Every structure is written in structure tokens, then in C-alpha cells.
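Beneath this line is the structure, given in C-alpha cells, with notes to follow.
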Amino acid sequence: MPRQNHTNNVSRLKPRSCEDCAVRHLCLPGLLDPADVPAFNKIVKRTDVLHRGDYLYRVDEPFTDLFAVFTGFFKAFVVDRHGREQVTAFHFPGEVMGVHALATRTYQYHTMSLNTGMACRIPFDEFRDLSHKFHKLDDRLHDILSRELIRARFSAANLTALQKVATLMMGISRRFEERGYASREFLLPMSNTDIASRLRLVPETVSRIFTRLAKMKILVVEDRHVTILDMDRLAVLCPHNIYLTDYHSVKKQA
């Protein structure tokens, strides 16, 4: 039986310390020595429970905090002058949001919950003060910023629709795997419309690519339930290493 993927049962959304967090290795304190994690935990605050469609922050709001996904899934997006939504990223548990605002001191994307979840709020001034003592926090932040650049490279890459969909699915598979969930069978937290927006495609093209991948016996998608039939052939469709766009390759601390 495959391991169950992350659920969003409200009864499980109980704040816990960073020391006990199962995805700490993916988050800002991921490089800290275990003895130093409690100091980081002291500056962390948890948001209220957010439901599908709730905003975590909006474009042009003053930047005061970084956020980390505690549970659930989030999307970042902008809205163009015609009112069309453009998804820029999907965020999984343990991933840090808001780093794009470091330069402008205002949030550059809307960030919204895709389902029931919570986030950890990290006041940036307190984080900066703590990083003077624990330089590994700066190292971790630099790693996250570098992955923002990789994400931008993916968005700008000249890929076919098939390569885009395969790359995203590989990235999602690996992200689930790193969180201890099944990598070959999982539920997509986002809609086809969100996927299409992220990939700069139309939803009909995404559906057509899913059908094509099913005929190729590579993966099957039914009502957001994904079954990867041939991981090796899926990887072949992805440009070399570009699926790291949405995947944190940080090793767990011993």
C-alpha cells in the first residue's frame, strides 16, 4: 500500500515546535545544529487556520515577515491588467514564502491557500538579528534565493507543452517523496486551471498532455489522483535537472 499523502484535517493543525517539525530540514532552520533550533523557534508565530481561497498576504502589502508552510498547500500569483491570474509558484509544507519581497520591502505576489492549512510567520527583523548569531540561517536563506532563480529559469525556458507538464509532475512527485509521502501515487493539491496558469498554457492543453501521457503509459490522472506508471520515462521528458525548480534537495539533519 502506498503511504498516504498529506491531508488537511483541521484536527491535525496543532502548532508544534520547530524541534518536532517533520519538514524542518526543508525550512529556514534546516541547517541549524539541533541545539540551536529552540532559539529559532522562539521567534516563530503561527497563523490562524486558513481555508481554500484565503489570502496569506497580498501584492503591495508592506513586507514584515517571511512565511513557511506548516501544513496544506499555497499558490503565489499576480493578476494582470485584464484581471487574469498568473500563477508563479506552488508551495508545499516546509517551503518558505515571501523572499521575493526582500528587495522591495513590499510583497510582489498574492499568496493564497489551496486548501485548509497554516503557515509559520517569521518576523524578518528578528530573523536577521538571529542570523548574526547563527550564520547557517544566512546560508539557508541564500539557498532558498538561489532556488527562486532556478524557478525563474524554468518560467523563461523554451520548453514544449509536454516537457512543461512532465517537469512539473516530476517536481511534485519528488516534493511528496521528500516529505515522506508516496512519490508515484498522490493527489494534486492544485487544479488543472492553476497548473495551466503556472505553465503558461491553457487548461485544454494540460488535459490533452495528460491524455497523451496516459496513452504513452507514463502516468494517469483521474480527478486529481496521479499514478506514475514509469518514472524513468517521465524523467527522460524533463530537461536535465530543471525539475529541481520546485524541489528542495536539502538533506535531513542527522
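Residues are named by chain letter and number: chains run A, B, ... in the order of the C-alpha cells, numbers start at 1 in each chain, and ligands are numbered from 1 in the order shown.
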Got a sec to tell me which of range 21-124 of chain A DSSP assigns to alpha helix (DSSP H), as a compact mmCIF listing (two decimals) with all heavy atoms, in the first residue's frame?
```txt
# COMPACT_ATOMS: atom_id res chain seq x y z
N VAL A 37 18.16 25.08 17.42
CA VAL A 37 16.79 25.21 16.87
C VAL A 37 15.84 25.89 17.85
O VAL A 37 15.01 26.71 17.42
CB VAL A 37 16.26 23.84 16.41
CG1 VAL A 37 14.80 23.95 15.96
CG2 VAL A 37 17.11 23.29 15.27
N PRO A 38 15.89 25.61 19.16
CA PRO A 38 14.95 26.28 20.08
C PRO A 38 15.03 27.81 20.01
O PRO A 38 14.02 28.49 20.17
CB PRO A 38 15.36 25.75 21.46
CG PRO A 38 15.94 24.40 21.18
CD PRO A 38 16.67 24.57 19.87
N ALA A 39 16.21 28.36 19.77
CA ALA A 39 16.34 29.81 19.66
C ALA A 39 15.57 30.33 18.45
O ALA A 39 14.95 31.40 18.52
CB ALA A 39 17.82 30.19 19.56
N PHE A 40 15.60 29.58 17.37
CA PHE A 40 14.83 29.98 16.19
C PHE A 40 13.34 29.85 16.47
O PHE A 40 12.54 30.72 16.10
CB PHE A 40 15.22 29.10 14.99
CG PHE A 40 14.48 29.45 13.74
CD1 PHE A 40 14.94 30.43 12.89
CD2 PHE A 40 13.30 28.79 13.40
CE1 PHE A 40 14.25 30.76 11.73
CE2 PHE A 40 12.61 29.10 12.26
CZ PHE A 40 13.08 30.10 11.41
N ASN A 41 12.96 28.78 17.14
CA ASN A 41 11.55 28.54 17.42
C ASN A 41 10.92 29.68 18.21
O ASN A 41 9.72 29.97 18.07
CB ASN A 41 11.39 27.23 18.18
CG ASN A 41 9.94 26.84 18.40
OD1 ASN A 41 9.20 26.58 17.45
ND2 ASN A 41 9.50 26.84 19.65
N PHE A 124 10.97 39.21 9.98
CA PHE A 124 12.27 39.27 9.31
C PHE A 124 13.31 40.00 10.14
O PHE A 124 14.47 39.61 10.14
CB PHE A 124 12.14 39.93 7.94
CG PHE A 124 13.43 39.91 7.18
CD1 PHE A 124 13.95 38.70 6.71
CD2 PHE A 124 14.17 41.07 6.97
CE1 PHE A 124 15.16 38.66 6.03
CE2 PHE A 124 15.37 41.04 6.29
CZ PHE A 124 15.87 39.83 5.82
```
- Message: Can you pull out every residue from range 12-222 of chain A that DSSP, working from the backbone, puts in strand (DSSP E), and format the result as a VMD selection string?
- Response: chain A and resid 45 to 46 55 to 57 65 to 71 74 to 79 85 to 91 96 to 97 110 to 113 118 to 123 185 to 187 219 to 222
Each residue of range 188-240 of chain A with at least one atom at most 12 Å from range 107-113 of chain A should appear once, together with its nearest atom pair and the corresponding distance in Å (one decimal); atoms considered: only C-alpha atoms; ordering: chain, then increasing residue number; output as CSV.
```
residue,atom,partner,partner_atom,distance
A:Pro189,CA,A:Ser113,CA,10.1
A:Met190,CA,A:Ser113,CA,10.1
A:Asp194,CA,A:Met112,CA,11.9
```
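Closest approach to Ile43 in chain A among A:Asp129, A:Asp60, A:Glu185, A:Asp80: A:Asp129, based on only C-alpha atoms.
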- For Pro123 in chain A, list every protein, DNA or RNA residue within 12 Å, evaluated using only C-alpha atoms, and leave out those in the same chain fewer than 6 positions away; present the list as a list in words. Phe40, Asn41, Lys42, Ile43, Val44, Lys45, Arg46, Phe63, Thr64, Asp65, Leu66, Phe67, Ala68, Gly98, Asp129 and Leu130 of chain A
- Task: Record the distance separating CA of Phe176 in chain A and CA of Ala89 in chain A, expressed in Å with one decimal.
- Result: 15.8 Å
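Distance annotation: of A:Leu201, A:Ala235, A:Ile144, A:Leu188, the residue with the minimal separation from Leu159 in chain A is A:Leu201; atom set is only C-alpha atoms.
Of the residues under consideration (A:Leu199, A:Ala76, A:Ile122, A:Met169), A:Ile122 shows the shortest atom-to-atom contact distance to Cys18 in chain A when counting only C-alpha atoms.
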- Out of A:Leu162, A:Ala182, A:Ile172, A:Met118, which residue has the shortest atom-to-atom distance to Phe210 in chain A when counting only C-alpha atoms? A:Leu162
Residues of range 107-207 of chain A that have any atom at most 12 Å from an atom of range 217-222 of chain A: could you tabulate them with the shortest-distance atom pair and the distance in Å to one decimal, using only C-alpha atoms, ordered by chain and increasing number, as JSON lines?
```
{"residue": "A:Leu162", "atom": "CA", "partner": "A:Ile218", "partner_atom": "CA", "distance": 12.0}
{"residue": "A:Val165", "atom": "CA", "partner": "A:Leu219", "partner_atom": "CA", "distance": 11.2}
{"residue": "A:Ala166", "atom": "CA", "partner": "A:Leu219", "partner_atom": "CA", "distance": 9.5}
{"residue": "A:Met169", "atom": "CA", "partner": "A:Leu219", "partner_atom": "CA", "distance": 9.4}
{"residue": "A:Met170", "atom": "CA", "partner": "A:Leu219", "partner_atom": "CA", "distance": 10.6}
{"residue": "A:Ser173", "atom": "CA", "partner": "A:Leu219", "partner_atom": "CA", "distance": 11.5}
{"residue": "A:Arg184", "atom": "CA", "partner": "A:Leu219", "partner_atom": "CA", "distance": 8.9}
{"residue": "A:Glu185", "atom": "CA", "partner": "A:Leu219", "partner_atom": "CA", "distance": 9.6}
{"residue": "A:Phe186", "atom": "CA", "partner": "A:Val221", "partner_atom": "CA", "distance": 9.7}
{"residue": "A:Leu187", "atom": "CA", "partner": "A:Val221", "partner_atom": "CA", "distance": 9.1}
{"residue": "A:Leu188", "atom": "CA", "partner": "A:Val221", "partner_atom": "CA", "distance": 9.2}
{"residue": "A:Ser191", "atom": "CA", "partner": "A:Val221", "partner_atom": "CA", "distance": 11.7}
{"residue": "A:Asn192", "atom": "CA", "partner": "A:Val221", "partner_atom": "CA", "distance": 10.6}
{"residue": "A:Val206", "atom": "CA", "partner": "A:Val221", "partner_atom": "CA", "distance": 10.9}
{"residue": "A:Ser207", "atom": "CA", "partner": "A:Val221", "partner_atom": "CA", "distance": 9.2}
```
Can you write out the residues you just picked, keeping N, CA and C atoms, as a PDB file, in the first residue's frame?
```pdb
ATOM      1  N   LEU A 162       4.592  19.347 -23.544  1.00  0.00           N
ATOM      2  CA  LEU A 162       4.849  18.045 -22.943  1.00  0.00           C
ATOM      3  C   LEU A 162       5.971  18.141 -21.915  1.00  0.00           C
ATOM      4  N   VAL A 165       4.698  20.012 -18.668  1.00  0.00           N
ATOM      5  CA  VAL A 165       3.840  19.205 -17.801  1.00  0.00           C
ATOM      6  C   VAL A 165       4.652  18.104 -17.131  1.00  0.00           C
ATOM      7  N   ALA A 166       5.517  17.433 -17.885  1.00  0.00           N
ATOM      8  CA  ALA A 166       6.341  16.362 -17.317  1.00  0.00           C
ATOM      9  C   ALA A 166       7.253  16.899 -16.220  1.00  0.00           C
ATOM     10  N   MET A 169       5.214  17.651 -13.060  1.00  0.00           N
ATOM     11  CA  MET A 169       4.782  16.420 -12.387  1.00  0.00           C
ATOM     12  C   MET A 169       5.955  15.731 -11.701  1.00  0.00           C
ATOM     13  N   MET A 170       7.118  15.747 -12.327  1.00  0.00           N
ATOM     14  CA  MET A 170       8.304  15.174 -11.695  1.00  0.00           C
ATOM     15  C   MET A 170       8.661  15.946 -10.435  1.00  0.00           C
ATOM     16  N   SER A 173       6.196  15.081  -7.689  1.00  0.00           N
ATOM     17  CA  SER A 173       6.491  13.736  -7.198  1.00  0.00           C
ATOM     18  C   SER A 173       7.655  13.761  -6.214  1.00  0.00           C
ATOM     19  N   ARG A 184       4.821   8.005  -6.313  1.00  0.00           N
ATOM     20  CA  ARG A 184       4.239   7.501  -7.557  1.00  0.00           C
ATOM     21  C   ARG A 184       2.715   7.566  -7.580  1.00  0.00           C
ATOM     22  N   GLU A 185       2.119   7.880  -6.440  1.00  0.00           N
ATOM     23  CA  GLU A 185       0.665   7.956  -6.376  1.00  0.00           C
ATOM     24  C   GLU A 185       0.289   9.029  -5.356  1.00  0.00           C
ATOM     25  N   PHE A 186      -0.385  10.075  -5.831  1.00  0.00           N
ATOM     26  CA  PHE A 186      -0.682  11.201  -4.949  1.00  0.00           C
ATOM     27  C   PHE A 186      -1.838  12.017  -5.518  1.00  0.00           C
ATOM     28  N   LEU A 187      -2.381  12.884  -4.677  1.00  0.00           N
ATOM     29  CA  LEU A 187      -3.440  13.791  -5.083  1.00  0.00           C
ATOM     30  C   LEU A 187      -2.840  15.164  -5.373  1.00  0.00           C
ATOM     31  N   LEU A 188      -3.193  15.734  -6.499  1.00  0.00           N
ATOM     32  CA  LEU A 188      -2.733  17.075  -6.825  1.00  0.00           C
ATOM     33  C   LEU A 188      -3.479  18.090  -5.960  1.00  0.00           C
ATOM     34  N   SER A 191      -5.602  22.780  -9.103  1.00  0.00           N
ATOM     35  CA  SER A 191      -6.493  22.447 -10.214  1.00  0.00           C
ATOM     36  C   SER A 191      -5.740  22.473 -11.543  1.00  0.00           C
ATOM     37  N   ASN A 192      -6.378  21.913 -12.587  1.00  0.00           N
ATOM     38  CA  ASN A 192      -5.806  21.996 -13.927  1.00  0.00           C
ATOM     39  C   ASN A 192      -5.650  23.445 -14.369  1.00  0.00           C
ATOM     40  N   VAL A 206      -3.289  21.257 -21.083  1.00  0.00           N
ATOM     41  CA  VAL A 206      -2.866  20.419 -19.963  1.00  0.00           C
ATOM     42  C   VAL A 206      -3.631  19.100 -19.980  1.00  0.00           C
ATOM     43  N   SER A 207      -4.940  19.164 -20.192  1.00  0.00           N
ATOM     44  CA  SER A 207      -5.742  17.938 -20.248  1.00  0.00           C
ATOM     45  C   SER A 207      -5.295  17.050 -21.410  1.00  0.00           C
TER      46      SER A 207
END
```
